[in-house]
Amino acid sequence: MVGGDSERGLLLRDKLASSQYKVRSCQSLRDLCAAINEGKIAVILLLYPDGFAIIEELFANKMMSGLDDKIQVVFISTSSAENNRVRLLHYKADEFLIEPISIEEIVKIIDESIGWRPRSDDGHVLSIGDLTLNRETLIVTWRNKKIPLYPLQVRILELLMLNPGRTIGRGDLLDSFWSTGITVERTTIDRNIKRIRDAFKRNAKINPIRTIRRAGYAFNDQSEQLTPLPRKGRGIS
């Protein structure tokens with residue numbers, strides 16, 4: 001947990017502690033770096049406005065950019081005005097919340113982060129529950145059963161798996177897989193998403209991709225068909 005003031009920090013810490021979470025309050029960049037290096041963080045909570053002036057320093061030094069796909073970042077602001085200010089400053093996070101907020105909502109975010117963060121067993125094998133994607137051989141399996149996909153479809157699935165819970169826009173997908181100057185219709189993405197879904201439905205009876213209306217696609221991290229990872233040994237900063 002970073003930022004805010006002593007009173008807000010203590011209140012949130014006590015509420016999360018009652019839900020059996022270990023909360024570490026970081027009041028300096030050194031504290032946060034030490035917590036990150038320990039490798040046991042599930043979520044970083046940024047409390048704004050920041051009475052310790054750490055958040056501004058974090059983003060000014062681009063320290064948060066290196067956390068993409070590793071640790072979920074949640075901004076918690078005291079009002080809509082402060083939330084808008086955060087967005088105008090182009091501070092990036094996975095979630096932007098406004099107080100008052102129920103502890104259940106924060107707990108849900110933490111649980112999803114713990115349960116759905118991808119793990120890489122040997123550097124090139126990406127796994128979430130029973131779903132495995134080999135980034136070198138481009139082989140995808142569900143419970144050891146191969147899912148037939150073309151290389152482009154594997155790369156699309158890989159990008160979504162690396163960003164569980166995040167919406168990836170069609171434009172972002174196009175930019176990721178096609179060079180600048182090449183004209184590609186956005187329906188190309190839709191067709192490949194459909195083929196990925198069809199392959200999973202035929203071979204695994206699951207749908208690993210959600211459509212976010214007017215926004216794009218996201219890995220289906222809310223599906224009960226996927227087995228979540230163990231929750232042991234994770235903390236909150």
# chains A, B, ... in the order shown; residues from 1 in each chain; ligands from 1
call {"tool": "select_by_dssp", "arguments": {"residues": "segment 46-186 of chain A", "states": "helix (DSSP H, G or I)", "output": "PyMOL selection string"}}
result
chain A and resi 54-60+65-67+80-88+103-116+151-161+170-177
call {"tool": "residues_around", "arguments": {"residues": "Phe75 of chain A", "least_positions_apart": "4", "cutoff": "7 Å", "atoms": "only C-alpha atoms", "output": "list in words"}}
result
Leu45, Leu46, Leu47, Ala93, Glu95, Phe96 and Leu97 of chain A
call {"tool": "residues_around", "arguments": {"residues": "Ala215 of chain A", "least_positions_apart": "4", "cutoff": "8 Å", "atoms": "only C-alpha atoms", "output": "ChimeraX atom specification"}}
result
/A:167-170
call {"tool": "select_by_dssp", "arguments": {"residues": "segment 13-194 of chain A", "states": "strand (DSSP E)", "output": "number ranges by chain"}}
result
A: 41-48, 72-77, 95-98, 119-120, 125-128, 131-134, 140-142, 145-147
